[in-house]
>>> print(open('entry.tsv').read())   # TSV, C-alpha atoms
chain	number	residue	atom	x	y	z
Z	142	MET	CA	21.34	0.44	-1.93
Z	143	ASN	CA	22.77	-3.10	-2.17
Z	144	PRO	CA	24.82	-3.14	-5.40
Z	145	GLY	CA	25.20	-6.54	-7.01
Z	146	LEU	CA	22.29	-8.05	-5.06
Z	147	ILE	CA	18.78	-8.73	-6.28
Z	148	GLU	CA	16.97	-6.12	-4.20
Z	149	ALA	CA	13.23	-5.75	-3.64
Z	150	GLY	CA	11.70	-2.44	-2.61
Z	151	CYS	CA	8.55	-2.57	-0.45
Z	152	ASP	CA	5.89	-0.07	0.53
Z	153	GLU	CA	2.27	-0.10	1.66
Z	154	ALA	CA	-0.87	1.97	1.09
Z	155	GLY	CA	-3.93	2.46	3.24
Z	156	ARG	CA	-2.41	2.24	6.68
Z	157	GLY	CA	-4.20	5.33	8.02
Z	158	CYS	CA	-7.61	4.52	6.54
Z	159	LEU	CA	-10.78	3.81	8.47
Z	160	ALA	CA	-12.03	1.32	5.89
Z	161	GLY	CA	-10.69	-1.22	3.47
Z	162	SER	CA	-7.78	-3.58	3.21
Z	163	VAL	CA	-4.16	-2.49	3.49
Z	164	TYR	CA	-2.15	-3.10	0.32
Z	165	ALA	CA	1.58	-3.50	-0.13
Z	166	ALA	CA	3.81	-4.08	-3.12
Z	167	ALA	CA	7.28	-5.49	-3.67
Z	168	VAL	CA	9.23	-4.55	-6.78
Z	169	ILE	CA	12.56	-5.74	-8.16
Z	170	LEU	CA	13.92	-3.38	-10.81
Z	171	PRO	CA	16.93	-3.97	-13.07
Z	172	GLU	CA	20.10	-2.79	-11.29
Z	173	ASP	CA	20.80	0.03	-13.76
Z	174	TYR	CA	17.16	1.07	-14.09
Z	175	ARG	CA	16.35	4.74	-14.61
Z	176	ASN	CA	12.95	6.41	-14.63
Z	177	ASP	CA	12.85	10.10	-13.80
Z	178	GLY	CA	9.10	9.95	-13.22
Z	179	LEU	CA	9.28	7.58	-10.26
Z	180	ASN	CA	8.63	9.26	-6.92
Z	181	ASP	CA	6.64	8.83	-3.74
Z	182	SER	CA	3.10	8.06	-4.96
Z	183	LYS	CA	1.70	10.87	-2.78
Z	184	GLN	CA	3.68	13.38	-4.87
Z	185	LEU	CA	2.06	12.25	-8.14
Z	186	THR	CA	-1.31	12.88	-9.73
Z	187	PRO	CA	-3.61	9.87	-10.03
Z	188	LYS	CA	-3.23	9.96	-13.84
Z	189	ARG	CA	0.57	9.93	-13.55
Z	190	ARG	CA	0.48	7.06	-11.00
Z	191	TYR	CA	-1.44	4.87	-13.43
Z	192	GLU	CA	0.89	5.76	-16.31
Z	193	LEU	CA	3.86	4.81	-14.13
Z	194	ARG	CA	2.14	1.60	-12.98
Z	195	ALA	CA	2.12	0.40	-16.58
Z	196	GLU	CA	5.82	1.30	-16.96
Z	197	ILE	CA	6.74	-0.45	-13.68
Z	198	GLU	CA	4.83	-3.60	-14.60
Z	199	ARG	CA	6.52	-3.64	-18.00
Z	200	ASP	CA	10.07	-2.86	-16.81
Z	201	ALA	CA	10.36	-4.62	-13.44
Z	202	LEU	CA	12.17	-7.94	-13.21
Z	203	ALA	CA	9.43	-8.95	-10.76
Z	204	TRP	CA	6.57	-7.29	-8.91
Z	205	ALA	CA	3.71	-8.43	-6.69
Z	206	VAL	CA	0.97	-6.99	-4.50
Z	207	GLY	CA	-0.06	-8.28	-1.06
Z	208	VAL	CA	-3.34	-7.59	0.73
Z	209	VAL	CA	-4.51	-7.82	4.36
Z	210	THR	CA	-8.24	-7.55	5.03
Z	211	PRO	CA	-10.01	-5.30	7.56
Z	212	GLU	CA	-10.82	-8.39	9.67
Z	213	GLU	CA	-7.15	-9.32	9.80
Z	214	ILE	CA	-6.21	-5.71	10.60
Z	215	ASP	CA	-8.62	-5.73	13.55
Z	216	ARG	CA	-7.16	-9.02	14.75
Z	217	ILE	CA	-3.42	-8.27	14.49
Z	218	ASN	CA	-3.29	-4.39	14.41
Z	219	ILE	CA	-2.38	-2.12	11.53
Z	220	LEU	CA	1.41	-2.21	11.98
Z	221	ASN	CA	1.49	-6.01	11.88
Z	222	ALA	CA	-1.02	-5.98	9.01
Z	223	SER	CA	1.16	-3.59	6.98
Z	224	ILE	CA	4.19	-5.83	7.49
Z	225	LEU	CA	2.13	-8.95	6.68
Z	226	ALA	CA	0.94	-7.31	3.44
Z	227	MET	CA	4.59	-6.64	2.52
Z	228	HIS	CA	5.49	-10.27	3.32
Z	229	ARG	CA	2.61	-11.44	1.13
Z	230	ALA	CA	3.86	-9.21	-1.69
Z	231	LEU	CA	7.36	-10.66	-1.28
Z	232	ASP	CA	5.84	-14.17	-1.35
Z	233	GLY	CA	4.31	-13.30	-4.72
Z	234	LEU	CA	7.57	-12.36	-6.42
Z	235	ARG	CA	8.74	-14.82	-9.08
Z	236	ILE	CA	12.35	-13.95	-8.21
Z	237	VAL	CA	13.58	-14.41	-4.64
Z	238	PRO	CA	15.28	-11.21	-3.49
Z	239	GLU	CA	18.71	-11.23	-1.86
Z	240	ALA	CA	18.02	-7.97	-0.01
Z	241	ILE	CA	14.92	-5.94	0.88
Z	242	ILE	CA	14.54	-2.20	1.35
Z	243	VAL	CA	11.38	-1.01	3.08
Z	244	ASP	CA	9.79	2.42	3.31
Z	245	GLY	CA	9.46	3.51	6.94
Z	246	ASN	CA	11.15	2.46	10.15
Z	247	ARG	CA	9.43	-0.84	11.05
Z	248	PHE	CA	9.64	-4.30	9.49
Z	249	LYS	CA	9.96	-7.89	10.63
Z	250	PRO	CA	12.41	-10.41	9.21
Z	251	TYR	CA	11.30	-12.06	6.00
Z	252	ARG	CA	12.71	-15.56	5.71
Z	253	PHE	CA	16.48	-15.11	5.93
Z	254	VAL	CA	16.69	-12.13	3.59
Z	255	PRO	CA	18.54	-9.11	5.02
Z	256	TYR	CA	16.48	-5.92	5.07
Z	257	THR	CA	16.93	-2.21	5.64
Z	258	THR	CA	14.22	0.25	6.62
Z	259	VAL	CA	14.44	3.72	5.11
Z	260	VAL	CA	12.38	6.65	6.39
Z	261	LYS	CA	10.91	8.44	3.37
Z	262	GLY	CA	12.44	5.71	1.23
Z	263	ASP	CA	9.76	6.17	-1.43
Z	264	GLY	CA	11.41	9.49	-2.28
Z	265	LYS	CA	14.96	8.06	-2.21
Z	266	TYR	CA	14.95	4.65	-3.92
Z	267	LEU	CA	13.32	3.78	-7.24
Z	268	SER	CA	12.21	0.29	-6.19
Z	269	ILE	CA	10.45	1.66	-3.09
Z	270	ALA	CA	8.86	4.44	-5.18
Z	271	ALA	CA	7.68	1.79	-7.65
Z	272	ALA	CA	6.23	-0.29	-4.80
Z	273	SER	CA	4.52	2.82	-3.44
Z	274	ILE	CA	2.86	3.45	-6.81
Z	275	LEU	CA	1.69	-0.15	-7.24
Z	276	ALA	CA	0.34	-0.39	-3.69
Z	277	LYS	CA	-1.51	2.92	-4.03
Z	278	THR	CA	-3.04	2.26	-7.46
Z	279	TYR	CA	-4.14	-1.29	-6.65
Z	280	ARG	CA	-5.66	-0.11	-3.38
Z	281	ASP	CA	-7.41	2.78	-5.14
Z	282	ASP	CA	-8.90	0.31	-7.65
Z	283	TYR	CA	-10.16	-1.82	-4.75
Z	284	MET	CA	-11.67	1.18	-2.92
Z	285	ASP	CA	-13.37	2.35	-6.12
Z	286	SER	CA	-14.89	-1.11	-6.56
Z	287	ILE	CA	-16.26	-1.38	-3.00
Z	288	ALA	CA	-17.50	2.23	-3.23
Z	289	GLN	CA	-20.12	0.94	-5.69
Z	290	GLU	CA	-21.59	-1.08	-2.81
Z	291	TYR	CA	-21.54	1.83	-0.35
Z	292	PRO	CA	-21.58	5.12	-2.30
Z	293	GLN	CA	-22.66	7.18	0.73
Z	294	TYR	CA	-19.13	6.98	2.25
Z	295	ASP	CA	-17.45	8.75	-0.74
Z	296	TRP	CA	-14.68	6.15	-1.00
Z	297	THR	CA	-14.06	7.13	-4.62
Z	298	GLY	CA	-13.05	10.53	-3.24
Z	299	ASN	CA	-11.47	9.74	0.14
Z	300	LYS	CA	-10.27	6.14	-0.48
Z	301	GLY	CA	-11.27	5.26	3.10
Z	302	TYR	CA	-9.22	7.95	4.82
Z	303	PRO	CA	-10.76	9.83	7.77
Z	304	THR	CA	-12.19	12.85	5.97
Z	305	ARG	CA	-15.03	14.85	7.49
Z	306	LYS	CA	-17.45	13.51	4.87
Z	307	HIS	CA	-16.43	9.93	5.62
Z	308	ARG	CA	-16.86	10.38	9.39
Z	309	GLU	CA	-20.23	12.10	8.85
Z	310	ALA	CA	-21.38	9.11	6.78
Z	311	ILE	CA	-20.28	6.72	9.56
Z	312	ALA	CA	-22.23	8.78	12.11
Z	313	ARG	CA	-25.30	8.79	9.86
Z	314	TYR	CA	-25.27	5.27	8.35
Z	315	GLY	CA	-23.12	3.26	10.76
Z	316	ILE	CA	-20.26	1.04	9.66
Z	317	THR	CA	-19.88	-1.43	6.83
Z	318	PRO	CA	-18.14	-4.82	6.78
Z	319	TYR	CA	-15.16	-2.95	5.27
Z	320	HIS	CA	-14.65	-0.63	8.25
Z	321	ARG	CA	-11.83	-1.33	10.68
Z	322	LYS	CA	-13.66	-1.80	13.94
Z	323	THR	CA	-10.59	-1.28	16.14
Z	324	PHE	CA	-9.98	2.20	14.66
Z	325	LYS	CA	-11.37	5.47	16.03
Z	326	LEU	CA	-14.12	5.80	13.45
Z	327	LEU	CA	-15.80	8.94	14.80
Z	328	ALA	CA	-13.91	12.11	15.69
Z	329	ASP	CA	-15.57	12.38	19.11
Z	330	GLU	CA	-14.87	8.79	20.26
>>> encode(input="entry.tsv", output="structure tokens")
Amino acid sequence: MNPGLIEAGCDEAGRGCLAGSVYAAAVILPEDYRNDGLNDSKQLTPKRRYELRAEIERDALAWAVGVVTPEEIDRINILNASILAMHRALDGLRIVPEAIIVDGNRFKPYRFVPYTTVVKGDGKYLSIAAASILAKTYRDDYMDSIAQEYPQYDWTGNKGYPTRKHREAIARYGITPYHRKTFKLLADE
């Protein structure tokens, strides 16, 4: 999108969940990079996402993941938390980008780096697709790990999203420290 500039693509995962942290990734790919497998993480099988994660981590000039906790989400709201997670990912890059492209239509300035938001950018730009895959796989790993603590919520299956089984578990067992208390946790609230 910004030829000749060191460009970072950013995306997040877990924004619509009832439980767990929101994750974001920032990825800087070589300018002439090609990978026909890269796409919006939601269009890929879990197996393929993890295969691509290894390729991204190997091939990227720089990549990093940022995390914002459920407590922070409740304090600053999910939109601000998603942007903060992207800023934290950008902070983790070992190369400072000269431009940023972000999936979606909302972002806040990061330092003095120019940025562009792109609706459905994870299907249009390789660096955003790569960020989408990293954010999703790292968040899935996290949800699988906390699911061991609270197996009754089926987080290995729903990853914290508002499925019927997840809401039924909230109604039956109450909430955990990982639930986002400012979210509508039960369907009839």
>>> atom_distance(input="entry.tsv", atom1="CA of Lys183 (chain Z)", atom2="CA of Thr278 (chain Z)")
10.9 Å
>>> atom_distance(input="entry.tsv", atom1="CA of Pro318 (chain Z)", atom2="CA of Phe248 (chain Z)")
27.9 Å
>>> residues_around(input="entry.tsv", residues="Lys261 (chain Z)", least_positions_apart="5", cutoff="10 Å", atoms="only C-alpha atoms", output="ChimeraX atom specification")
/Z:181,243-246,266,269-270
>>> residues_around(input="entry.tsv", residues="Ile224 (chain Z)", least_positions_apart="6", cutoff="12 Å", atoms="all atoms listed in the file", output="JSON, numbers by chain")
{"Z": [151, 152, 153, 154, 156, 163, 164, 165, 166, 167, 207, 208, 209, 214, 217, 218, 230, 231, 243, 244, 245, 246, 247, 248, 249, 250, 251, 258]}
>>> write_last_selection(input="entry.tsv", atoms="C-alpha atoms", output="PDB file, in the frame of the given file")
ATOM      1  CA  CYS Z 151       8.550  -2.570  -0.450  1.00  0.00           C
ATOM      2  CA  ASP Z 152       5.890  -0.070   0.530  1.00  0.00           C
ATOM      3  CA  GLU Z 153       2.270  -0.100   1.660  1.00  0.00           C
ATOM      4  CA  ALA Z 154      -0.870   1.970   1.090  1.00  0.00           C
ATOM      5  CA  ARG Z 156      -2.410   2.240   6.680  1.00  0.00           C
ATOM      6  CA  VAL Z 163      -4.160  -2.490   3.490  1.00  0.00           C
ATOM      7  CA  TYR Z 164      -2.150  -3.100   0.320  1.00  0.00           C
ATOM      8  CA  ALA Z 165       1.580  -3.500  -0.130  1.00  0.00           C
ATOM      9  CA  ALA Z 166       3.810  -4.080  -3.120  1.00  0.00           C
ATOM     10  CA  ALA Z 167       7.280  -5.490  -3.670  1.00  0.00           C
ATOM     11  CA  GLY Z 207      -0.060  -8.280  -1.060  1.00  0.00           C
ATOM     12  CA  VAL Z 208      -3.340  -7.590   0.730  1.00  0.00           C
ATOM     13  CA  VAL Z 209      -4.510  -7.820   4.360  1.00  0.00           C
ATOM     14  CA  ILE Z 214      -6.210  -5.710  10.600  1.00  0.00           C
ATOM     15  CA  ILE Z 217      -3.420  -8.270  14.490  1.00  0.00           C
ATOM     16  CA  ASN Z 218      -3.290  -4.390  14.410  1.00  0.00           C
ATOM     17  CA  ALA Z 230       3.860  -9.210  -1.690  1.00  0.00           C
ATOM     18  CA  LEU Z 231       7.360 -10.660  -1.280  1.00  0.00           C
ATOM     19  CA  VAL Z 243      11.380  -1.010   3.080  1.00  0.00           C
ATOM     20  CA  ASP Z 244       9.790   2.420   3.310  1.00  0.00           C
ATOM     21  CA  GLY Z 245       9.460   3.510   6.940  1.00  0.00           C
ATOM     22  CA  ASN Z 246      11.150   2.460  10.150  1.00  0.00           C
ATOM     23  CA  ARG Z 247       9.430  -0.840  11.050  1.00  0.00           C
ATOM     24  CA  PHE Z 248       9.640  -4.300   9.490  1.00  0.00           C
ATOM     25  CA  LYS Z 249       9.960  -7.890  10.630  1.00  0.00           C
ATOM     26  CA  PRO Z 250      12.410 -10.410   9.210  1.00  0.00           C
ATOM     27  CA  TYR Z 251      11.300 -12.060   6.000  1.00  0.00           C
ATOM     28  CA  THR Z 258      14.220   0.250   6.620  1.00  0.00           C
TER      29      THR Z 258
END
>>> atom_distance(input="entry.tsv", atom1="CA of Arg229 (chain Z)", atom2="CA of Pro303 (chain Z)")
26.0 Å
>>> residues_around(input="entry.tsv", residues="Gln184 (chain Z)", least_positions_apart="2", cutoff="12 Å", atoms="all atoms listed in the file", output="ChimeraX atom specification")
/Z:178-182,186-190,263-264,270,273-274,277
>>> closest_residue(input="entry.tsv", among="Z:Gly155, Z:Leu193, Z:Arg313, Z:Ala201", to="Ala226 (chain Z)", atoms="all atoms listed in the file")
Z:Gly155
>>> closest_residue(input="entry.tsv", among="Z:Ile147, Z:Ile242, Z:Ala203, Z:Ile316", to="Asp173 (chain Z)", atoms="only C-alpha atoms")
Z:Ile147
>>> residues_around(input="entry.tsv", residues="Glu290 (chain Z)", least_positions_apart="6", cutoff="12 Å", atoms="all atoms listed in the file", output="list of chain:residue names")
Z:Tyr283, Z:Met284, Z:Trp296, Z:Thr297, Z:Thr317, Z:Pro318, Z:Tyr319
>>> write_last_selection(input="entry.tsv", atoms="C-alpha atoms", output="mmCIF file, keeping the file's coordinate frame")
data_model
loop_
_atom_site.group_PDB
_atom_site.id
_atom_site.type_symbol
_atom_site.label_atom_id
_atom_site.label_comp_id
_atom_site.auth_asym_id
_atom_site.auth_seq_id
_atom_site.Cartn_x
_atom_site.Cartn_y
_atom_site.Cartn_z
ATOM 1 C CA TYR Z 283 -10.160 -1.820 -4.750
ATOM 2 C CA MET Z 284 -11.670 1.180 -2.920
ATOM 3 C CA TRP Z 296 -14.680 6.150 -1.000
ATOM 4 C CA THR Z 297 -14.060 7.130 -4.620
ATOM 5 C CA THR Z 317 -19.880 -1.430 6.830
ATOM 6 C CA PRO Z 318 -18.140 -4.820 6.780
ATOM 7 C CA TYR Z 319 -15.160 -2.950 5.270
#
>>> closest_residue(input="entry.tsv", among="Z:Leu327, Z:Gly150, Z:Trp204, Z:Asp295", to="Ile236 (chain Z)", atoms="all atoms listed in the file")
Z:Trp204
